[in-house]
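J.: I'm passing along protein-v4.cif; it holds mmCIF, C-alpha atoms and all ligand atoms.
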data_start
loop_
_atom_site.label_atom_id
_atom_site.label_comp_id
_atom_site.auth_asym_id
_atom_site.auth_seq_id
_atom_site.Cartn_x
_atom_site.Cartn_y
_atom_site.Cartn_z
CA MET S 1 193.80 -94.05 199.58
CA SER S 2 190.97 -93.61 197.07
CA LYS S 3 191.07 -90.83 194.50
CA VAL S 4 189.34 -87.50 194.98
CA ILE S 5 187.26 -86.27 192.05
CA VAL S 6 185.57 -82.90 191.69
CA LEU S 7 182.34 -83.30 189.70
CA THR S 8 180.71 -80.12 188.41
CA GLY S 9 177.06 -79.98 187.41
CA ALA S 10 176.74 -82.70 190.05
CA ALA S 11 173.10 -81.96 190.88
CA GLY S 12 171.85 -82.42 187.31
CA LEU S 13 170.52 -85.42 185.43
CA ILE S 14 173.88 -86.92 184.46
CA GLY S 15 175.77 -85.53 187.46
CA ARG S 16 173.48 -87.27 189.96
CA THR S 17 174.02 -90.59 188.19
CA PHE S 18 177.80 -90.16 187.98
CA SER S 19 177.88 -89.22 191.68
CA GLU S 20 176.29 -92.41 192.89
CA TYR S 21 178.23 -94.60 190.48
CA LEU S 22 181.62 -93.16 191.41
CA LEU S 23 180.82 -93.43 195.11
CA THR S 24 180.01 -97.12 194.62
CA LYS S 25 183.46 -97.45 193.05
CA ASP S 26 185.07 -95.97 196.16
CA TYR S 27 186.05 -92.55 194.86
CA ARG S 28 185.83 -89.60 197.22
CA LEU S 29 183.76 -86.86 195.61
CA VAL S 30 183.33 -83.12 195.70
CA LEU S 31 179.85 -82.54 194.32
CA ALA S 32 179.81 -79.02 192.90
CA ASP S 33 176.88 -77.11 191.44
CA ILE S 34 175.31 -73.67 191.36
CA ASN S 35 172.04 -75.16 192.68
CA VAL S 36 172.76 -75.64 196.37
CA ASP S 37 169.24 -76.84 197.27
CA ALA S 38 169.48 -79.65 194.75
CA LEU S 39 172.96 -80.49 196.03
CA ARG S 40 171.71 -80.72 199.62
CA GLN S 41 168.88 -83.06 198.64
CA GLN S 42 171.27 -85.19 196.63
CA SER S 43 173.75 -85.38 199.49
CA GLU S 44 171.02 -86.45 201.93
CA SER S 45 169.86 -89.15 199.58
CA LEU S 46 173.43 -90.40 199.03
CA SER S 47 174.12 -90.43 202.77
CA LEU S 48 170.92 -92.41 203.41
CA LYS S 49 172.26 -95.00 200.99
CA GLY S 50 175.51 -95.13 202.96
CA PHE S 51 177.66 -93.05 200.62
CA SER S 52 179.37 -90.72 203.07
CA GLN S 53 182.63 -90.08 201.21
CA HIS S 54 181.52 -86.83 199.62
CA ILE S 55 181.11 -83.14 200.30
CA ILE S 56 178.92 -80.66 198.49
CA CYS S 57 180.09 -77.29 197.28
CA GLU S 58 178.01 -74.45 195.87
CA PHE S 59 179.93 -72.72 193.09
CA ASP S 60 179.52 -70.82 189.85
CA ALA S 61 181.65 -72.14 186.99
CA THR S 62 181.62 -68.71 185.33
CA ASP S 63 183.23 -66.91 188.28
CA LYS S 64 186.98 -67.38 188.74
CA LEU S 65 187.00 -66.72 192.50
CA SER S 66 184.23 -69.24 192.94
CA VAL S 67 186.11 -71.89 190.94
CA GLU S 68 189.27 -71.20 192.95
CA SER S 69 187.37 -71.54 196.20
CA LEU S 70 185.92 -74.87 194.97
CA LEU S 71 189.48 -76.15 194.58
CA VAL S 72 190.40 -74.90 198.06
CA SER S 73 187.30 -76.56 199.58
CA ALA S 74 188.21 -79.85 197.92
CA ILE S 75 191.76 -79.74 199.29
CA ASP S 76 190.57 -78.66 202.75
CA ALA S 77 188.16 -81.60 202.86
CA PHE S 78 190.31 -84.36 201.42
CA GLY S 79 193.91 -83.07 201.32
CA GLN S 80 194.25 -83.72 197.60
CA VAL S 81 192.43 -83.63 194.26
CA ASN S 82 193.10 -86.20 191.55
CA GLY S 83 190.48 -85.49 188.94
CA LEU S 84 187.97 -83.01 187.55
CA ILE S 85 184.82 -83.86 185.62
CA ASN S 86 183.46 -80.81 183.79
CA ASN S 87 179.74 -81.44 183.46
CA ILE S 88 177.83 -78.15 183.78
CA TYR S 89 174.96 -77.16 181.51
CA PRO S 90 174.24 -73.45 181.93
CA ARG S 91 171.77 -71.87 179.54
CA ASN S 92 169.98 -68.53 179.42
CA ARG S 93 166.23 -67.96 179.13
CA GLU S 94 166.30 -67.82 175.34
CA TYR S 95 168.20 -71.07 174.95
CA GLY S 96 166.53 -73.68 172.74
CA ARG S 97 165.26 -71.48 169.93
CA SER S 98 165.55 -72.48 166.29
CA LEU S 99 168.33 -71.03 164.15
CA PHE S 100 166.71 -67.86 162.78
CA GLU S 101 165.25 -66.92 166.16
CA VAL S 102 168.58 -66.87 168.00
CA SER S 103 169.76 -63.33 168.73
CA TYR S 104 173.43 -62.38 168.66
CA ASP S 105 173.37 -61.51 172.36
CA SER S 106 171.78 -64.78 173.34
CA PHE S 107 174.19 -66.77 171.18
CA THR S 108 177.25 -65.17 172.71
CA GLU S 109 175.84 -65.36 176.23
CA ASN S 110 175.24 -69.11 176.00
CA VAL S 111 178.68 -69.74 174.51
CA SER S 112 180.22 -67.61 177.21
CA LEU S 113 178.37 -69.32 180.10
CA ASN S 114 178.89 -72.86 178.92
CA LEU S 115 182.17 -73.03 176.99
CA GLY S 116 183.53 -70.22 179.17
CA GLY S 117 182.63 -72.23 182.29
CA TYR S 118 184.41 -75.31 180.96
CA PHE S 119 187.44 -73.17 180.13
CA LEU S 120 187.59 -71.54 183.56
CA CYS S 121 187.31 -74.78 185.55
CA SER S 122 189.87 -76.43 183.25
CA GLN S 123 192.29 -73.53 183.65
CA VAL S 124 192.11 -73.44 187.46
CA PHE S 125 192.32 -77.21 187.97
CA ALA S 126 194.97 -77.76 185.25
CA LYS S 127 197.29 -75.36 187.05
CA HIS S 128 196.77 -77.24 190.30
CA PHE S 129 197.36 -80.63 188.66
CA MET S 130 200.51 -79.32 186.93
CA ASP S 131 201.92 -78.12 190.23
CA HIS S 132 200.92 -81.20 192.25
CA GLY S 133 202.02 -84.25 190.30
CA GLY S 134 199.25 -84.62 187.73
CA GLY S 135 195.58 -85.39 187.40
CA SER S 136 192.82 -86.51 185.08
CA MET S 137 190.31 -84.11 183.57
CA VAL S 138 187.23 -85.28 181.68
CA ASN S 139 184.99 -82.87 179.80
CA VAL S 140 181.44 -83.98 179.13
CA ALA S 141 180.93 -82.97 175.50
CA SER S 142 178.30 -84.35 173.11
CA ILE S 143 177.84 -86.13 169.81
CA TYR S 144 176.73 -82.73 168.49
CA GLY S 145 180.28 -81.51 168.93
CA SER S 146 181.31 -83.94 166.20
CA VAL S 147 178.38 -84.30 163.82
CA ALA S 148 175.69 -81.99 162.51
CA PRO S 149 172.20 -82.54 163.95
CA LYS S 150 169.80 -84.86 162.15
CA PHE S 151 167.03 -82.23 162.17
CA GLU S 152 164.38 -84.63 160.87
CA ILE S 153 164.15 -86.33 164.28
CA TYR S 154 162.87 -83.08 165.83
CA GLN S 155 159.98 -82.73 163.37
CA ASN S 156 156.54 -82.51 165.05
CA THR S 157 158.12 -81.75 168.45
CA HIS S 158 158.76 -78.45 170.24
CA MET S 159 162.42 -79.44 170.44
CA THR S 160 165.45 -78.63 168.30
CA MET S 161 169.20 -78.95 168.56
CA PRO S 162 170.28 -75.36 169.26
CA VAL S 163 173.06 -73.88 167.16
CA GLU S 164 174.87 -72.70 170.29
CA TYR S 165 175.03 -76.25 171.60
CA SER S 166 176.83 -77.55 168.51
CA VAL S 167 179.33 -74.71 168.69
CA ILE S 168 179.87 -75.10 172.44
CA LYS S 169 180.37 -78.85 172.28
CA SER S 170 182.74 -78.79 169.31
CA GLY S 171 184.58 -76.12 171.30
CA VAL S 172 184.69 -78.42 174.34
CA ILE S 173 186.18 -81.25 172.26
CA HIS S 174 188.88 -78.98 170.90
CA LEU S 175 189.50 -77.34 174.28
CA THR S 176 190.22 -80.89 175.44
CA ARG S 177 192.89 -81.38 172.77
CA TYR S 178 194.40 -77.96 173.44
CA PHE S 179 194.75 -78.59 177.17
CA ALA S 180 196.09 -82.11 176.64
CA ARG S 181 198.83 -80.87 174.34
CA TYR S 182 199.61 -77.78 176.43
CA LEU S 183 200.06 -79.88 179.56
CA ALA S 184 202.46 -82.35 177.94
CA GLY S 185 205.11 -83.55 180.37
CA HIS S 186 203.06 -82.74 183.47
CA GLU S 187 201.18 -86.05 183.92
CA VAL S 188 197.86 -84.31 183.32
CA ARG S 189 195.45 -86.17 181.06
CA VAL S 190 192.53 -84.39 179.43
CA ASN S 191 189.81 -86.30 177.58
CA SER S 192 186.20 -85.78 176.65
CA LEU S 193 183.18 -88.06 176.84
CA SER S 194 180.55 -87.45 174.18
CA PRO S 195 177.18 -88.95 175.06
CA GLY S 196 174.30 -89.43 172.70
CA GLY S 197 170.86 -88.23 173.81
CA ILE S 198 169.79 -89.18 177.34
CA ILE S 199 166.24 -90.29 178.15
CA ASP S 200 164.48 -87.57 180.13
CA GLY S 201 160.76 -87.53 179.45
CA GLN S 202 160.98 -86.86 175.71
CA PRO S 203 157.83 -87.61 173.66
CA ASP S 204 157.49 -91.15 172.29
CA SER S 205 157.49 -89.98 168.67
CA PHE S 206 160.89 -88.36 169.24
CA LEU S 207 162.27 -91.43 171.02
CA GLN S 208 161.21 -93.57 168.07
CA ALA S 209 162.67 -91.22 165.48
CA TYR S 210 165.93 -91.06 167.43
CA ARG S 211 166.01 -94.82 167.82
CA SER S 212 165.78 -95.31 164.06
CA LYS S 213 169.20 -93.59 163.79
CA THR S 214 170.93 -95.87 166.30
CA LEU S 215 171.95 -99.52 166.37
CA ASN S 216 170.19 -101.09 169.35
CA LYS S 217 168.81 -99.03 172.23
CA GLY S 218 168.23 -95.52 170.94
CA MET S 219 168.36 -92.78 173.57
CA LEU S 220 170.50 -93.90 176.50
CA ASP S 221 170.02 -93.81 180.24
CA ALA S 222 172.52 -91.68 182.16
CA GLN S 223 173.65 -94.93 183.79
CA ASP S 224 174.90 -96.13 180.39
CA LEU S 225 177.65 -93.47 180.48
CA CYS S 226 179.10 -94.40 183.84
CA GLY S 227 181.53 -97.15 182.82
CA ALA S 228 183.06 -94.96 180.11
CA MET S 229 183.35 -92.01 182.49
CA GLU S 230 185.05 -94.08 185.16
CA PHE S 231 187.45 -95.48 182.57
CA LEU S 232 188.47 -91.98 181.46
CA VAL S 233 188.86 -90.49 184.91
CA SER S 234 190.78 -93.49 186.29
CA ASP S 235 194.30 -94.80 185.72
CA ARG S 236 192.87 -97.55 183.53
CA SER S 237 193.06 -95.04 180.69
CA GLU S 238 196.60 -94.00 181.64
CA TYR S 239 197.82 -93.32 178.10
CA VAL S 240 194.54 -92.13 176.64
CA ASN S 241 195.06 -88.39 176.28
CA GLY S 242 193.40 -85.66 174.24
CA GLN S 243 190.72 -88.08 173.02
CA ASP S 244 186.96 -87.92 172.63
CA LEU S 245 185.11 -91.10 173.64
CA ILE S 246 181.69 -91.30 171.99
CA VAL S 247 178.97 -93.31 173.78
CA ASP S 248 175.91 -93.07 171.54
CA ASP S 249 174.69 -96.52 170.43
CA GLY S 250 176.03 -95.77 166.98
CA PHE S 251 174.05 -92.54 166.34
CA THR S 252 177.11 -90.88 164.79
CA LEU S 253 178.00 -93.79 162.48
N1 LIG E 301 171.07 -84.74 178.78
C1 LIG E 301 171.56 -85.10 177.60
O1 LIG E 301 170.85 -85.66 176.72
C2 LIG E 301 173.00 -84.84 177.28
C3 LIG E 301 173.55 -85.46 176.13
C4 LIG E 301 174.88 -85.22 175.82
C5 LIG E 301 175.64 -84.39 176.63
N2 LIG E 301 175.09 -83.81 177.73
C6 LIG E 301 175.95 -82.95 178.55
O2 LIG E 301 176.03 -83.48 179.85
C7 LIG E 301 176.26 -82.41 180.78
C8 LIG E 301 175.23 -82.51 181.89
O3 LIG E 301 173.94 -82.41 181.30
P1 LIG E 301 172.59 -82.73 182.08
O4 LIG E 301 171.65 -83.25 181.07
O5 LIG E 301 172.87 -83.52 183.30
O6 LIG E 301 172.14 -81.25 182.45
P2 LIG E 301 171.32 -80.73 183.72
O7 LIG E 301 170.75 -79.42 183.33
O8 LIG E 301 170.40 -81.78 184.23
O9 LIG E 301 172.48 -80.51 184.80
C9 LIG E 301 173.43 -79.50 184.65
C10 LIG E 301 173.81 -78.97 186.02
O10 LIG E 301 174.73 -77.87 185.80
C11 LIG E 301 174.47 -76.91 186.82
N3 LIG E 301 174.98 -75.60 186.41
C12 LIG E 301 174.47 -74.80 185.44
N4 LIG E 301 175.18 -73.66 185.37
C13 LIG E 301 176.17 -73.75 186.30
C14 LIG E 301 177.21 -72.88 186.70
N5 LIG E 301 177.40 -71.69 186.12
N6 LIG E 301 178.04 -73.28 187.68
C15 LIG E 301 177.86 -74.48 188.28
N7 LIG E 301 176.88 -75.35 187.95
C16 LIG E 301 176.04 -74.98 186.97
C17 LIG E 301 172.96 -76.93 186.98
O11 LIG E 301 172.54 -76.37 188.21
C18 LIG E 301 172.64 -78.42 186.82
O12 LIG E 301 172.56 -79.07 188.09
C19 LIG E 301 176.16 -81.11 179.98
O13 LIG E 301 177.45 -80.69 179.64
C20 LIG E 301 175.40 -81.55 178.73
O14 LIG E 301 175.69 -80.74 177.63
C21 LIG E 301 173.79 -84.02 178.08
#
Would you mind writing the structure in this file as structure tokens?
Ligand SMILES: NC(=O)c1ccc[n+]([C@@H]2O[C@H](COP(=O)([O-])OP(=O)(O)OC[C@H]3O[C@@H](n4cnc5c(N)ncnc54)[C@H](O)[C@@H]3O)[C@@H](O)[C@H]2O)c1
T.:
Amino acid sequence: MSKVIVLTGAAGLIGRTFSEYLLTKDYRLVLADINVDALRQQSESLSLKGFSQHIICEFDATDKLSVESLLVSAIDAFGQVNGLINNIYPRNREYGRSLFEVSYDSFTENVSLNLGGYFLCSQVFAKHFMDHGGGSMVNVASIYGSVAPKFEIYQNTHMTMPVEYSVIKSGVIHLTRYFARYLAGHEVRVNSLSPGGIIDGQPDSFLQAYRSKTLNKGMLDAQDLCGAMEFLVSDRSEYVNGQDLIVDDGFTL
């Protein structure tokens, strides 16, 4: 019987790509997101392509009851859960400001929504995996959890790499290690995947500046992450535990 994976942030840029890829690899999926309209559209489009082995679930990663009911829905639908991919990207209205414009309240709110959401989903699913023979958890982190931003690539754009993001993603990478170690002996693996930047309509000047820091392609397509994600969530990485797998075309070298 194929494995059942719960994918959070499933209706977003990377989540949509992971969904289709994992369905082509015969996983059964619980597509979970706070944006139920986007989830419905995604589900219709997947079903039209013949990918029926999925359900959608509206949930809020920052609300414990909602995360618990996501787990219950997954078990009700498929009778088991084998993996969790944490992939949400909550941000408040002020998110994206440059360093000296970030207020204390906004900083803490973004950390709380994003890192807090990863923590809550990890906590609820880790307990289930501990009590039910194991599981694989993969946290989508980022290169900016490991290295400081190269600010020069943002020059002449309206973009920056927000300070909260660096803090959140380094937190996600260490949360991964903490959970992996804490769950020793319970057959629960916890790893993170750290993508480089993903192409999503950024200006050409930025794409070029970013590309000059990489080895071949530059910014990646979400599709470029899929093989690494499937490796981490599957048994093929059976003894990979507590690790961060960077997929960034050499940006962090
Ligand atoms: N896009 C990139 O360049 C990039 C690069 C590296 C890492 N990442 C990481 O990949 C992950 C996905 O990013 P993305 O670019 O697909 O983002 P996205 O904004 O396109 O998708 C994120 C999804 O999370 C959902 N979400 C937000 N708050 C939620 C909540 N409280 N509960 C449930 N769902 C919630 C949103 O509705 C959205 O569908 C994020 O963790 C992001 O940090 C993205």
J.: Just give me the gap between atom CA of Ala180 of chain S and atom CA of Asn241 of chain S in Å, one decimal is fine.
T.: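 So the two atoms, atom CA of Ala180 of chain S and atom CA of Asn241 of chain S, lie 6.4 Å apart.
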J.: Could you jot down the atom CA of Arg97 of chain S to atom CA of Pro162 of chain S separation for me, Å, one decimal place?
T.: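 A separation of 6.4 Å between them.
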J.: Could you report the residues within 8 Å of ligand LIG 301 (chain E), using only C-alpha atoms and all ligand atoms, as JSON, numbers by chain?
T.: {"S": [8, 9, 10, 11, 12, 13, 14, 15, 16, 32, 33, 34, 35, 38, 58, 59, 60, 61, 62, 63, 86, 87, 88, 89, 90, 91, 113, 114, 117, 139, 140, 141, 142, 143, 144, 165, 169, 194, 195, 196, 197, 198, 199, 200, 222]}
J.: Grab the residues selected above and save them as a tab-separated table (two decimals), keeping the file's coordinate frame with C-alpha atoms.
T.:
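Output saved as selection-v5.tsv:
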chain	number	residue	atom	x	y	z
S	8	THR	CA	180.71	-80.12	188.41
S	9	GLY	CA	177.06	-79.98	187.41
S	10	ALA	CA	176.74	-82.70	190.05
S	11	ALA	CA	173.10	-81.96	190.88
S	12	GLY	CA	171.85	-82.42	187.31
S	13	LEU	CA	170.52	-85.42	185.43
S	14	ILE	CA	173.88	-86.92	184.46
S	15	GLY	CA	175.77	-85.53	187.46
S	16	ARG	CA	173.48	-87.27	189.96
S	32	ALA	CA	179.81	-79.02	192.90
S	33	ASP	CA	176.88	-77.11	191.44
S	34	ILE	CA	175.31	-73.67	191.36
S	35	ASN	CA	172.04	-75.16	192.68
S	38	ALA	CA	169.48	-79.65	194.75
S	58	GLU	CA	178.01	-74.45	195.87
S	59	PHE	CA	179.93	-72.72	193.09
S	60	ASP	CA	179.52	-70.82	189.85
S	61	ALA	CA	181.65	-72.14	186.99
S	62	THR	CA	181.62	-68.71	185.33
S	63	ASP	CA	183.23	-66.91	188.28
S	86	ASN	CA	183.46	-80.81	183.79
S	87	ASN	CA	179.74	-81.44	183.46
S	88	ILE	CA	177.83	-78.15	183.78
S	89	TYR	CA	174.96	-77.16	181.51
S	90	PRO	CA	174.24	-73.45	181.93
S	91	ARG	CA	171.77	-71.87	179.54
S	113	LEU	CA	178.37	-69.32	180.10
S	114	ASN	CA	178.89	-72.86	178.92
S	117	GLY	CA	182.63	-72.23	182.29
S	139	ASN	CA	184.99	-82.87	179.80
S	140	VAL	CA	181.44	-83.98	179.13
S	141	ALA	CA	180.93	-82.97	175.50
S	142	SER	CA	178.30	-84.35	173.11
S	143	ILE	CA	177.84	-86.13	169.81
S	144	TYR	CA	176.73	-82.73	168.49
S	165	TYR	CA	175.03	-76.25	171.60
S	169	LYS	CA	180.37	-78.85	172.28
S	194	SER	CA	180.55	-87.45	174.18
S	195	PRO	CA	177.18	-88.95	175.06
S	196	GLY	CA	174.30	-89.43	172.70
S	197	GLY	CA	170.86	-88.23	173.81
S	198	ILE	CA	169.79	-89.18	177.34
S	199	ILE	CA	166.24	-90.29	178.15
S	200	ASP	CA	164.48	-87.57	180.13
S	222	ALA	CA	172.52	-91.68	182.16
J.: Point out the residue among S:Leu215, S:Leu70, S:Leu7, S:Val111 with the least atom-to-atom distance to Val124 of chain S, counting all atoms listed in the file.
T.: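 Answer, going by the shortest atom-to-atom distance: S:Leu70.
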J.: Rounded to one decimal in Å, what is the spacing between atom CA of Glu238 of chain S and atom CA of Leu23 of chain S?
T.: 20.8 Å
J.: For Val67 of chain S, which of S:Ser237, S:Ala228, S:Ile173, S:Phe125 is the closest residue, counting all atoms listed in the file?
T.: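 Among the listed residues, the smallest separation from Val67 of chain S belongs to S:Phe125.
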J.: Which residue, S:Val81, S:Val233, S:Met159, S:Leu120, has the smallest gap to Met137 of chain S when you use only C-alpha atoms?
T.: S:Val233
J.: Would you mind listing what lies within 9 Å of Phe179 of chain S as a list in words, with all atoms listed in the file counted and same-chain residues fewer than 3 positions away left out?
T.: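 The residues satisfying every condition are Ser122, Gln123, Ala126, His174, Leu175, Thr176, Tyr182, Leu183, Ala184, Val188, Arg189, Val190 and Gly242 of chain S.
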J.: Between S:Asp76, S:Asp221, S:Glu152, S:Glu164, which one has atoms that come closest to Asn110 of chain S, using all atoms listed in the file?
T.: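 Of the candidates, the smallest distance to Asn110 of chain S is held by S:Glu164.
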J.: Closest to Ser136 of chain S among S:Lys49, S:His186, S:Lys213, S:Lys64, using only C-alpha atoms?
T.: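 Under the stated criterion, the closest residue is S:His186.
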J.: Counting only C-alpha atoms, what is within 8 Å of Thr160 of chain S, bar same-chain residues fewer than 6 positions away, as a ChimeraX atom specification?
T.: /S:96-98,151,154
J.: Mind checking which residues fall within 10 Å of Leu253 of chain S, counting all atoms listed in the file, ignoring those fewer than 2 positions away in the same chain, and posting them as a ChimeraX atom specification?
T.: /S:147,213-215,248-251
J.: Which residues come within 12 Å of Gly83 of chain S, counting all atoms listed in the file, excluding same-chain residues fewer than 6 positions away, as a tab-separated table (two decimals) with C-alpha atoms, in the frame of the given file?
T.:
chain	number	residue	atom	x	y	z
S	2	SER	CA	190.97	-93.61	197.07
S	3	LYS	CA	191.07	-90.83	194.50
S	4	VAL	CA	189.34	-87.50	194.98
S	5	ILE	CA	187.26	-86.27	192.05
S	6	VAL	CA	185.57	-82.90	191.69
S	7	LEU	CA	182.34	-83.30	189.70
S	8	THR	CA	180.71	-80.12	188.41
S	22	LEU	CA	181.62	-93.16	191.41
S	27	TYR	CA	186.05	-92.55	194.86
S	28	ARG	CA	185.83	-89.60	197.22
S	29	LEU	CA	183.76	-86.86	195.61
S	30	VAL	CA	183.33	-83.12	195.70
S	71	LEU	CA	189.48	-76.15	194.58
S	74	ALA	CA	188.21	-79.85	197.92
S	75	ILE	CA	191.76	-79.74	199.29
S	121	CYS	CA	187.31	-74.78	185.55
S	122	SER	CA	189.87	-76.43	183.25
S	125	PHE	CA	192.32	-77.21	187.97
S	126	ALA	CA	194.97	-77.76	185.25
S	128	HIS	CA	196.77	-77.24	190.30
S	129	PHE	CA	197.36	-80.63	188.66
S	130	MET	CA	200.51	-79.32	186.93
S	132	HIS	CA	200.92	-81.20	192.25
S	133	GLY	CA	202.02	-84.25	190.30
S	134	GLY	CA	199.25	-84.62	187.73
S	135	GLY	CA	195.58	-85.39	187.40
S	136	SER	CA	192.82	-86.51	185.08
S	137	MET	CA	190.31	-84.11	183.57
S	138	VAL	CA	187.23	-85.28	181.68
S	139	ASN	CA	184.99	-82.87	179.80
S	187	GLU	CA	201.18	-86.05	183.92
S	188	VAL	CA	197.86	-84.31	183.32
S	189	ARG	CA	195.45	-86.17	181.06
S	190	VAL	CA	192.53	-84.39	179.43
S	191	ASN	CA	189.81	-86.30	177.58
S	229	MET	CA	183.35	-92.01	182.49
S	230	GLU	CA	185.05	-94.08	185.16
S	232	LEU	CA	188.47	-91.98	181.46
S	233	VAL	CA	188.86	-90.49	184.91
S	234	SER	CA	190.78	-93.49	186.29
S	235	ASP	CA	194.30	-94.80	185.72
J.: Provide an axis-aligned box for all listed atoms of segment 132-147 of chain S, padding each side by 3 Å; report its centre and its edge lengths in Å to one decimal, as lines of an AutoDock Vina configuration file.
T.:
center_x = 189.4
center_y = -83.9
center_z = 178.0
size_x = 31.3
size_y = 11.3
size_z = 34.4
J.: Counting all atoms listed in the file, what is within 9 Å of Pro203 of chain S, bar same-chain residues fewer than 4 positions away, as a PyMOL selection string?
T.: chain S and resi 157+207-208
